[in-house]
$ cat upload22.csv   # CSV, C-alpha atoms
chain,number,residue,atom,x,y,z
K,1,MET,CA,-33.3,-99.9,29.2
K,2,SER,CA,-30.8,-97.1,28.2
K,3,GLN,CA,-30.7,-93.8,30.2
K,4,THR,CA,-29.8,-90.4,29.0
K,5,ASN,CA,-26.4,-89.1,30.1
K,6,PRO,CA,-26.9,-85.5,31.0
K,7,GLU,CA,-23.1,-84.9,30.6
K,8,THR,CA,-22.9,-86.0,27.0
K,9,THR,CA,-26.4,-85.5,25.5
K,10,PRO,CA,-26.6,-82.5,23.2
K,11,LEU,CA,-28.9,-79.9,24.9
K,12,TYR,CA,-30.7,-79.3,21.6
K,13,THR,CA,-32.2,-82.8,21.8
K,14,LEU,CA,-33.8,-82.1,25.2
K,15,ASN,CA,-37.0,-80.4,24.0
K,16,PRO,CA,-35.7,-76.8,24.0
K,17,LEU,CA,-38.6,-75.3,22.1
K,18,THR,CA,-41.2,-75.9,24.9
K,19,ARG,CA,-39.3,-76.8,28.1
K,20,PHE,CA,-39.4,-73.2,29.3
K,21,SER,CA,-43.2,-72.8,28.8
K,22,ASP,CA,-44.0,-73.0,32.6
K,23,ARG,CA,-41.0,-70.8,33.5
K,24,ALA,CA,-42.0,-67.6,31.6
K,25,ALA,CA,-43.2,-65.6,34.7
K,26,ASP,CA,-40.0,-66.5,36.7
K,27,TYR,CA,-37.9,-65.7,33.6
K,28,VAL,CA,-39.5,-62.2,33.3
K,29,ASN,CA,-39.2,-61.4,37.0
K,30,TYR,CA,-35.9,-63.0,38.1
K,31,ARG,CA,-33.5,-63.7,35.2
K,32,PRO,CA,-30.4,-61.4,35.2
K,33,SER,CA,-29.8,-58.6,32.8
K,34,TYR,CA,-26.4,-58.0,31.1
K,35,PRO,CA,-23.7,-55.4,31.8
K,36,ALA,CA,-23.9,-52.2,29.7
K,37,ALA,CA,-20.3,-52.7,28.6
K,38,ALA,CA,-21.3,-56.0,26.9
K,39,ILE,CA,-23.9,-54.3,24.8
K,40,ASP,CA,-21.5,-51.5,24.0
K,41,ILE,CA,-18.8,-53.9,22.8
K,42,ILE,CA,-21.3,-55.8,20.6
K,43,LEU,CA,-22.2,-52.5,18.8
K,44,GLU,CA,-18.7,-51.0,18.7
K,45,GLY,CA,-17.4,-50.3,15.2
K,46,LEU,CA,-20.8,-50.9,13.5
K,47,ALA,CA,-23.0,-48.3,12.0
K,48,PRO,CA,-24.9,-45.9,14.3
K,49,PRO,CA,-27.4,-48.0,16.3
K,50,THR,CA,-30.4,-46.3,14.7
K,51,GLN,CA,-29.3,-47.6,11.4
K,52,LEU,CA,-28.9,-51.2,12.5
K,53,LEU,CA,-31.3,-54.1,12.2
K,54,ALA,CA,-30.5,-57.0,14.6
K,55,ALA,CA,-31.9,-60.5,14.9
K,56,ASP,CA,-31.9,-61.6,18.6
K,57,ILE,CA,-32.2,-65.4,18.4
K,58,GLY,CA,-33.7,-67.4,21.2
K,59,ALA,CA,-34.8,-64.1,22.6
K,60,GLY,CA,-36.9,-65.6,25.5
K,61,THR,CA,-38.8,-62.8,27.1
K,62,GLY,CA,-36.7,-60.1,25.4
K,63,ILE,CA,-34.2,-59.1,28.1
K,64,SER,CA,-31.4,-58.7,25.6
K,65,SER,CA,-33.7,-57.5,22.8
K,66,ARG,CA,-34.8,-54.5,24.9
K,67,LEU,CA,-31.2,-53.7,25.9
K,68,LEU,CA,-30.4,-53.4,22.2
K,69,GLY,CA,-33.6,-51.5,21.6
K,70,LYS,CA,-32.7,-49.0,24.3
K,71,LYS,CA,-29.5,-48.2,22.3
K,72,GLY,CA,-31.6,-47.4,19.3
K,73,VAL,CA,-31.2,-50.7,17.4
K,74,SER,CA,-34.3,-52.1,15.6
K,75,VAL,CA,-34.6,-55.7,16.8
K,76,ILE,CA,-36.4,-58.8,15.5
K,77,ALA,CA,-36.7,-61.0,18.5
K,78,VAL,CA,-36.9,-64.6,17.3
K,79,GLU,CA,-38.4,-67.0,19.9
K,80,PRO,CA,-40.1,-70.3,19.3
K,81,ASN,CA,-41.9,-70.5,22.7
K,82,ALA,CA,-45.3,-68.8,22.6
K,83,ALA,CA,-45.4,-68.5,26.4
K,84,MET,CA,-42.1,-66.6,26.5
K,85,ARG,CA,-43.2,-64.3,23.6
K,86,GLU,CA,-46.5,-63.6,25.4
K,87,ALA,CA,-44.8,-62.8,28.7
K,88,ALA,CA,-42.3,-60.4,27.1
K,89,GLN,CA,-42.6,-56.7,27.9
K,90,SER,CA,-43.1,-54.6,24.8
K,91,HIS,CA,-40.6,-52.1,23.5
K,92,PRO,CA,-41.1,-49.8,20.5
K,93,LYS,CA,-37.8,-51.0,18.8
K,94,VAL,CA,-38.5,-54.7,19.3
K,95,GLU,CA,-40.7,-57.0,17.2
K,96,PHE,CA,-41.2,-60.6,18.3
K,97,ARG,CA,-41.5,-63.3,15.7
K,98,ASP,CA,-42.0,-67.1,15.9
K,99,GLY,CA,-39.0,-69.0,14.6
K,100,THR,CA,-36.0,-71.1,15.6
K,101,ALA,CA,-32.3,-70.7,15.4
K,102,GLU,CA,-32.1,-73.3,12.7
K,103,VAL,CA,-35.1,-71.8,10.7
K,104,THR,CA,-35.5,-68.1,11.6
K,105,ASN,CA,-37.8,-67.4,8.6
K,106,LEU,CA,-35.9,-64.2,7.9
K,107,PRO,CA,-34.8,-63.2,4.4
K,108,ASP,CA,-31.3,-63.7,3.1
K,109,ALA,CA,-28.7,-61.0,4.0
K,110,SER,CA,-31.4,-59.0,5.8
K,111,VAL,CA,-29.8,-58.1,9.2
K,112,ASP,CA,-26.6,-56.3,10.3
K,113,LEU,CA,-26.3,-58.1,13.6
K,114,VAL,CA,-27.2,-61.5,15.0
K,115,THR,CA,-27.2,-62.0,18.7
K,116,SER,CA,-27.8,-65.0,21.0
K,117,PHE,CA,-27.9,-64.3,24.7
K,118,GLN,CA,-27.9,-67.3,27.1
K,119,ALA,CA,-29.4,-69.5,24.4
K,120,PHE,CA,-26.8,-70.8,21.9
K,121,HIS,CA,-26.2,-74.0,23.9
K,122,TRP,CA,-29.8,-75.0,23.1
K,123,PHE,CA,-29.3,-74.8,19.3
K,124,ASN,CA,-28.1,-77.4,16.9
K,125,PRO,CA,-24.8,-75.7,16.1
K,126,GLU,CA,-24.1,-76.6,12.5
K,127,PRO,CA,-27.5,-75.7,10.9
K,128,THR,CA,-27.7,-72.7,13.3
K,129,LEU,CA,-24.4,-71.2,12.2
K,130,GLN,CA,-25.4,-71.8,8.5
K,131,GLU,CA,-28.7,-70.0,9.2
K,132,PHE,CA,-27.0,-67.1,11.0
K,133,HIS,CA,-24.6,-66.6,8.0
K,134,ARG,CA,-27.5,-66.7,5.6
K,135,ILE,CA,-29.5,-64.0,7.3
K,136,LEU,CA,-26.5,-61.7,7.9
K,137,LYS,CA,-25.5,-59.1,5.4
K,138,PRO,CA,-21.9,-59.5,4.0
K,139,SER,CA,-19.4,-59.0,6.9
K,140,GLY,CA,-22.3,-58.8,9.3
K,141,ARG,CA,-21.6,-59.4,13.0
K,142,LEU,CA,-22.5,-62.3,15.3
K,143,ALA,CA,-22.4,-62.0,19.0
K,144,VAL,CA,-22.9,-65.0,21.4
K,145,VAL,CA,-23.3,-64.1,25.1
K,146,TRP,CA,-23.5,-66.0,28.3
K,147,ASN,CA,-23.8,-65.0,32.0
K,148,ASN,CA,-21.5,-67.6,33.6
K,149,ARG,CA,-21.7,-67.8,37.3
K,150,ASP,CA,-18.4,-67.0,39.0
K,151,ARG,CA,-17.2,-70.0,41.0
K,152,GLU,CA,-14.6,-67.9,42.7
K,153,ASP,CA,-17.3,-66.0,44.6
K,154,THR,CA,-18.2,-67.9,47.8
K,155,PHE,CA,-21.9,-67.1,47.7
K,156,THR,CA,-22.3,-67.8,44.0
K,157,ALA,CA,-20.4,-71.1,44.2
K,158,GLU,CA,-22.7,-72.2,47.0
K,159,TYR,CA,-25.8,-71.1,45.1
K,160,THR,CA,-24.5,-73.1,42.1
K,161,ARG,CA,-24.0,-76.2,44.2
K,162,ILE,CA,-27.6,-76.0,45.6
K,163,VAL,CA,-29.2,-75.5,42.2
K,164,ARG,CA,-27.1,-78.2,40.5
K,165,ALA,CA,-28.1,-80.7,43.2
K,166,ALA,CA,-31.8,-80.1,42.3
K,167,SER,CA,-31.2,-80.2,38.6
K,168,ASN,CA,-31.0,-83.9,37.9
K,169,GLY,CA,-27.4,-83.5,36.8
K,170,GLU,CA,-28.2,-81.3,33.8
K,171,ARG,CA,-25.6,-78.8,32.8
K,172,VAL,CA,-27.3,-75.6,33.9
K,173,ASP,CA,-24.1,-73.7,34.2
K,174,GLU,CA,-21.4,-75.1,31.9
K,175,ARG,CA,-21.5,-72.8,28.9
K,176,MET,CA,-18.0,-72.4,27.6
K,177,LYS,CA,-17.8,-75.7,25.8
K,178,PHE,CA,-20.8,-74.8,23.8
K,179,VAL,CA,-19.0,-72.1,21.9
K,180,GLU,CA,-16.6,-74.6,20.3
K,181,PRO,CA,-18.6,-75.0,17.1
K,182,LEU,CA,-18.2,-71.3,16.4
K,183,LEU,CA,-14.4,-71.6,16.8
K,184,VAL,CA,-14.3,-74.0,13.8
K,185,SER,CA,-17.1,-72.7,11.8
K,186,PRO,CA,-16.3,-72.0,8.1
K,187,HIS,CA,-18.9,-69.2,8.1
K,188,PHE,CA,-17.3,-66.8,10.5
K,189,VAL,CA,-13.9,-65.2,11.1
K,190,ASN,CA,-12.1,-62.9,13.5
K,191,LEU,CA,-13.6,-64.5,16.6
K,192,ARG,CA,-12.7,-62.7,19.8
K,193,GLU,CA,-13.9,-62.9,23.4
K,194,TYR,CA,-14.6,-60.2,26.0
K,195,ILE,CA,-15.3,-60.7,29.7
K,196,PHE,CA,-17.2,-58.5,32.0
K,197,VAL,CA,-18.4,-58.7,35.6
K,198,TYR,CA,-22.0,-58.5,36.4
K,199,ARG,CA,-23.7,-58.7,39.8
K,200,GLN,CA,-27.4,-59.5,40.2
K,201,GLU,CA,-28.9,-58.1,43.4
K,202,LEU,CA,-31.7,-60.3,44.8
K,203,ASP,CA,-33.9,-60.5,47.9
K,204,LEU,CA,-35.1,-63.9,49.1
K,205,THR,CA,-38.1,-64.1,46.7
K,206,GLY,CA,-35.8,-63.2,43.9
K,207,LEU,CA,-33.2,-65.8,44.9
K,208,ILE,CA,-35.8,-68.6,44.9
K,209,GLY,CA,-37.4,-67.2,41.7
K,210,ARG,CA,-34.1,-67.1,39.9
K,211,SER,CA,-33.5,-70.8,40.6
K,212,MET,CA,-37.1,-71.7,39.5
K,213,SER,CA,-36.5,-70.1,36.1
K,214,TYR,CA,-34.2,-73.0,35.2
K,215,SER,CA,-35.9,-75.6,33.1
K,216,SER,CA,-34.0,-78.4,34.8
K,217,VAL,CA,-35.2,-77.5,38.3
K,218,PRO,CA,-38.4,-79.2,39.5
K,219,ARG,CA,-41.3,-77.0,40.4
K,220,SER,CA,-42.7,-79.3,43.1
K,221,GLY,CA,-41.8,-82.4,45.1
K,222,PRO,CA,-39.0,-83.3,47.6
K,223,MET,CA,-36.2,-81.9,45.4
K,224,GLN,CA,-37.9,-78.6,45.0
K,225,GLN,CA,-38.5,-78.4,48.8
K,226,GLN,CA,-34.9,-79.2,49.5
K,227,LEU,CA,-33.8,-76.5,47.0
K,228,VAL,CA,-35.9,-73.9,48.7
K,229,ALA,CA,-34.7,-74.9,52.1
K,230,GLY,CA,-31.1,-74.7,51.0
K,231,LEU,CA,-31.6,-71.3,49.4
K,232,ARG,CA,-33.4,-69.9,52.5
K,233,ASP,CA,-30.4,-71.0,54.6
K,234,LEU,CA,-28.0,-69.5,52.1
K,235,TYR,CA,-29.8,-66.2,52.1
K,236,GLN,CA,-29.8,-66.0,55.9
K,237,ARG,CA,-26.1,-66.5,56.0
K,238,PHE,CA,-25.2,-64.0,53.3
K,239,ALA,CA,-27.9,-61.3,53.2
K,240,ASN,CA,-26.6,-57.8,53.9
K,241,GLU,CA,-28.2,-55.2,56.1
K,242,ARG,CA,-30.5,-54.2,53.2
K,243,GLY,CA,-31.7,-57.7,52.8
K,244,PHE,CA,-29.9,-58.5,49.5
K,245,VAL,CA,-27.6,-61.1,48.2
K,246,TYR,CA,-25.5,-61.0,45.0
K,247,ILE,CA,-25.0,-63.6,42.3
K,248,VAL,CA,-21.7,-62.7,40.6
K,249,HIS,CA,-21.4,-63.4,36.8
K,250,SER,CA,-18.5,-63.5,34.4
K,251,THR,CA,-20.3,-62.3,31.3
K,252,SER,CA,-18.6,-63.7,28.2
K,253,VAL,CA,-19.2,-62.1,24.8
K,254,HIS,CA,-17.9,-63.9,21.7
K,255,ILE,CA,-18.0,-61.8,18.6
K,256,ALA,CA,-17.2,-62.8,15.0
K,257,GLU,CA,-17.9,-61.6,11.4
K,258,ALA,CA,-19.6,-63.4,8.6
K,259,ILE,CA,-17.4,-64.6,5.8
K,260,GLU,CA,-18.4,-62.9,2.5
K,261,ASN,CA,-19.6,-65.4,-0.1
$ encode --input "upload22.csv" --output "structure tokens"
Amino acid sequence: MSQTNPETTPLYTLNPLTRFSDRAADYVNYRPSYPAAAIDIILEGLAPPTQLLAADIGAGTGISSRLLGKKGVSVIAVEPNAAMREAAQSHPKVEFRDGTAEVTNLPDASVDLVTSFQAFHWFNPEPTLQEFHRILKPSGRLAVVWNNRDREDTFTAEYTRIVRAASNGERVDERMKFVEPLLVSPHFVNLREYIFVYRQELDLTGLIGRSMSYSSVPRSGPMQQQLVAGLRDLYQRFANERGFVYIVHSTSVHIAEAIEN
């Protein structure tokens, strides 16, 4: 009987549409935000934010959608997982819709900006980039963003090791290779990358909750118990006098423009 190789299997084949359904509460409470500078660079050079319509694809519980909305951008948050949509906090500039990256159900040339925060690796890249190009206005902008954990930071590296040990070998933290389809896409030009540092402050509950928001981490059983024990020990070793630890991220922002037909 053949076995799935987590190092080579495309993530879009691993049930991405429903695998986060039981993680919605942890996602809302414990997933990191993104640095303000990342949002600023995405919007730089575009029309004033109040004149922009953005499609945030794979929006999850709307962390990134609300950041754009707070800048004045009108956002269509496209998310296929009903549990994630229902858990999302409302924002007057954000409208949630059911849809996928490959089939957004948005009209042709209807948005100024397409964004994907911490989600692009779950998409089938070729039809996704075709769909992004279809819904973007001529010369519209695409921004693909990941919070990559900083392996040079001692605490973050140890946290990553503990979580990876409980994740059945799935690639919960190797994002950079997933941007490669954008590098060779015939639909987008002028690709550039920006890097920002972002630190997430967590207490012990938050540290455990953050790990439980990953779809590859078991929610019960011996591996989950081992994970929690390891995180408790890590917290005790690194918590500051205020009771906080910090996961350090290198936030990568890839920006490109749609080729005009």
$ residues_near_point --input "upload22.csv" --point "(-32.9, -63.2, 20.5)" --cutoff "10 Å" --atoms "only C-alpha atoms" --output "ChimeraX atom specification"
/K:54-66,75-79,96-97,100-101,114-120
$ closest_residue --input "upload22.csv" --among "K:His133, K:Pro186, K:Leu53, K:Lys71" --to "Asp40 of chain K" --atoms "only C-alpha atoms"
K:Lys71
$ residues_around --input "upload22.csv" --residues "Ala37 of chain K" --least-positions-apart "2" --cutoff "12 Å" --atoms "all atoms listed in the file" --output "PyMOL selection string"
chain K and resi 33-35+39-44+67-68+194-198+251-253
$ atom_distance --input "upload22.csv" --atom1 "atom CA of Asp203 of chain K" --atom2 "atom CA of Val217 of chain K"
19.6 Å
$ residues_around --input "upload22.csv" --residues "Leu207 of chain K" --least-positions-apart "3" --cutoff "12 Å" --atoms "all atoms listed in the file" --output "CSV table (one decimal) with C-alpha atoms, in the coordinates of the input"
chain,number,residue,atom,x,y,z
K,26,ASP,CA,-40.0,-66.5,36.7
K,29,ASN,CA,-39.2,-61.4,37.0
K,30,TYR,CA,-35.9,-63.0,38.1
K,31,ARG,CA,-33.5,-63.7,35.2
K,32,PRO,CA,-30.4,-61.4,35.2
K,155,PHE,CA,-21.9,-67.1,47.7
K,156,THR,CA,-22.3,-67.8,44.0
K,159,TYR,CA,-25.8,-71.1,45.1
K,160,THR,CA,-24.5,-73.1,42.1
K,162,ILE,CA,-27.6,-76.0,45.6
K,163,VAL,CA,-29.2,-75.5,42.2
K,200,GLN,CA,-27.4,-59.5,40.2
K,201,GLU,CA,-28.9,-58.1,43.4
K,202,LEU,CA,-31.7,-60.3,44.8
K,203,ASP,CA,-33.9,-60.5,47.9
K,204,LEU,CA,-35.1,-63.9,49.1
K,210,ARG,CA,-34.1,-67.1,39.9
K,211,SER,CA,-33.5,-70.8,40.6
K,212,MET,CA,-37.1,-71.7,39.5
K,213,SER,CA,-36.5,-70.1,36.1
K,227,LEU,CA,-33.8,-76.5,47.0
K,228,VAL,CA,-35.9,-73.9,48.7
K,229,ALA,CA,-34.7,-74.9,52.1
K,230,GLY,CA,-31.1,-74.7,51.0
K,231,LEU,CA,-31.6,-71.3,49.4
K,232,ARG,CA,-33.4,-69.9,52.5
K,233,ASP,CA,-30.4,-71.0,54.6
K,234,LEU,CA,-28.0,-69.5,52.1
K,235,TYR,CA,-29.8,-66.2,52.1
K,236,GLN,CA,-29.8,-66.0,55.9
K,238,PHE,CA,-25.2,-64.0,53.3
K,239,ALA,CA,-27.9,-61.3,53.2
K,243,GLY,CA,-31.7,-57.7,52.8
K,244,PHE,CA,-29.9,-58.5,49.5
K,245,VAL,CA,-27.6,-61.1,48.2
K,246,TYR,CA,-25.5,-61.0,45.0
K,247,ILE,CA,-25.0,-63.6,42.3
$ closest_residue --input "upload22.csv" --among "K:Gly72, K:Thr205, K:Arg161, K:Glu193" --to "Arg149 of chain K" --atoms "all atoms listed in the file"
K:Arg161
$ atom_distance --input "upload22.csv" --atom1 "atom CA of Gln226 of chain K" --atom2 "atom CA of Ala157 of chain K"
17.4 Å
$ closest_residue --input "upload22.csv" --among "K:Glu131, K:Asp153, K:Glu257, K:Glu126" --to "Asn105 of chain K" --atoms "all atoms listed in the file"
K:Glu131
$ closest_residue --input "upload22.csv" --among "K:Pro138, K:Pro125, K:Gly206, K:Pro48" --to "Pro181 of chain K" --atoms "only C-alpha atoms"
K:Pro125
$ atom_distance --input "upload22.csv" --atom1 "atom CA of Val73 of chain K" --atom2 "atom CA of Gly99 of chain K"
20.1 Å
$ closest_residue --input "upload22.csv" --among "K:Ile255, K:Leu106, K:Asn240, K:Leu113" --to "Val189 of chain K" --atoms "all atoms listed in the file"
K:Ile255
$ closest_residue --input "upload22.csv" --among "K:Lys93, K:Arg237, K:His249, K:Arg164" --to "Lys70 of chain K" --atoms "all atoms listed in the file"
K:Lys93
$ build_atoms --input "upload22.csv" --residues "segment 128-159 of chain K" --atoms "N, CA and C atoms" --output "short mmCIF file (atom, residue, chain, number, x, y, z; two decimals), in the frame of the given file"
data_model
loop_
_atom_site.label_atom_id
_atom_site.label_comp_id
_atom_site.auth_asym_id
_atom_site.auth_seq_id
_atom_site.Cartn_x
_atom_site.Cartn_y
_atom_site.Cartn_z
N THR K 128 -27.53 -74.06 12.71
CA THR K 128 -27.70 -72.70 13.30
C THR K 128 -26.73 -71.74 12.70
N LEU K 129 -25.44 -72.10 12.68
CA LEU K 129 -24.40 -71.20 12.20
C LEU K 129 -24.60 -70.95 10.67
N GLN K 130 -25.06 -71.95 9.94
CA GLN K 130 -25.40 -71.80 8.50
C GLN K 130 -26.53 -70.75 8.38
N GLU K 131 -27.53 -70.88 9.23
CA GLU K 131 -28.70 -70.00 9.20
C GLU K 131 -28.27 -68.55 9.57
N PHE K 132 -27.44 -68.41 10.59
CA PHE K 132 -27.00 -67.10 11.00
C PHE K 132 -26.21 -66.42 9.83
N HIS K 133 -25.36 -67.19 9.17
CA HIS K 133 -24.60 -66.60 8.00
C HIS K 133 -25.55 -66.24 6.90
N ARG K 134 -26.58 -67.04 6.67
CA ARG K 134 -27.50 -66.70 5.60
C ARG K 134 -28.25 -65.43 5.80
N ILE K 135 -28.69 -65.15 7.02
CA ILE K 135 -29.50 -64.00 7.30
C ILE K 135 -28.65 -62.70 7.47
N LEU K 136 -27.36 -62.86 7.73
CA LEU K 136 -26.50 -61.70 7.90
C LEU K 136 -26.10 -61.08 6.58
N LYS K 137 -26.02 -59.77 6.58
CA LYS K 137 -25.50 -59.10 5.40
C LYS K 137 -23.97 -59.41 5.32
N PRO K 138 -23.35 -59.21 4.15
CA PRO K 138 -21.90 -59.50 4.00
C PRO K 138 -21.11 -58.77 5.09
N SER K 139 -20.26 -59.52 5.75
CA SER K 139 -19.40 -59.00 6.90
C SER K 139 -20.26 -58.60 8.06
N GLY K 140 -21.53 -59.05 8.14
CA GLY K 140 -22.30 -58.80 9.30
C GLY K 140 -21.76 -59.45 10.54
N ARG K 141 -22.21 -59.02 11.70
CA ARG K 141 -21.60 -59.40 13.00
C ARG K 141 -22.51 -60.43 13.71
N LEU K 142 -21.85 -61.40 14.36
CA LEU K 142 -22.50 -62.30 15.30
C LEU K 142 -21.95 -62.15 16.66
N ALA K 143 -22.84 -62.11 17.64
CA ALA K 143 -22.40 -62.00 19.00
C ALA K 143 -23.15 -63.08 19.85
N VAL K 144 -22.39 -63.92 20.54
CA VAL K 144 -22.90 -65.00 21.40
C VAL K 144 -22.53 -64.67 22.83
N VAL K 145 -23.50 -64.60 23.71
CA VAL K 145 -23.30 -64.10 25.10
C VAL K 145 -23.81 -65.06 26.09
N TRP K 146 -23.03 -65.23 27.17
CA TRP K 146 -23.50 -66.00 28.30
C TRP K 146 -23.15 -65.25 29.62
N ASN K 147 -24.07 -65.30 30.57
CA ASN K 147 -23.80 -65.00 32.00
C ASN K 147 -23.32 -66.26 32.65
N ASN K 148 -22.03 -66.41 32.88
CA ASN K 148 -21.50 -67.60 33.60
C ASN K 148 -21.31 -67.26 35.04
N ARG K 149 -21.86 -68.09 35.91
CA ARG K 149 -21.70 -67.80 37.30
C ARG K 149 -20.27 -67.97 37.77
N ASP K 150 -19.83 -67.03 38.61
CA ASP K 150 -18.40 -67.00 39.00
C ASP K 150 -18.21 -67.92 40.20
N ARG K 151 -17.49 -69.01 39.94
CA ARG K 151 -17.20 -70.00 41.00
C ARG K 151 -16.25 -69.54 42.03
N GLU K 152 -15.55 -68.45 41.76
CA GLU K 152 -14.60 -67.90 42.70
C GLU K 152 -15.27 -67.13 43.83
N ASP K 153 -16.50 -66.70 43.58
CA ASP K 153 -17.30 -66.00 44.60
C ASP K 153 -17.96 -66.99 45.50
N THR K 154 -17.77 -66.86 46.81
CA THR K 154 -18.20 -67.90 47.80
C THR K 154 -19.74 -68.06 47.69
N PHE K 155 -20.49 -66.97 47.72
CA PHE K 155 -21.90 -67.10 47.70
C PHE K 155 -22.40 -67.72 46.38
N THR K 156 -21.87 -67.26 45.25
CA THR K 156 -22.30 -67.80 44.00
C THR K 156 -21.94 -69.24 43.79
N ALA K 157 -20.80 -69.65 44.31
CA ALA K 157 -20.40 -71.10 44.20
C ALA K 157 -21.37 -71.93 45.04
N GLU K 158 -21.78 -71.46 46.22
CA GLU K 158 -22.70 -72.20 47.00
C GLU K 158 -24.09 -72.28 46.40
N TYR K 159 -24.51 -71.16 45.83
CA TYR K 159 -25.80 -71.10 45.10
C TYR K 159 -25.76 -72.15 43.96
#
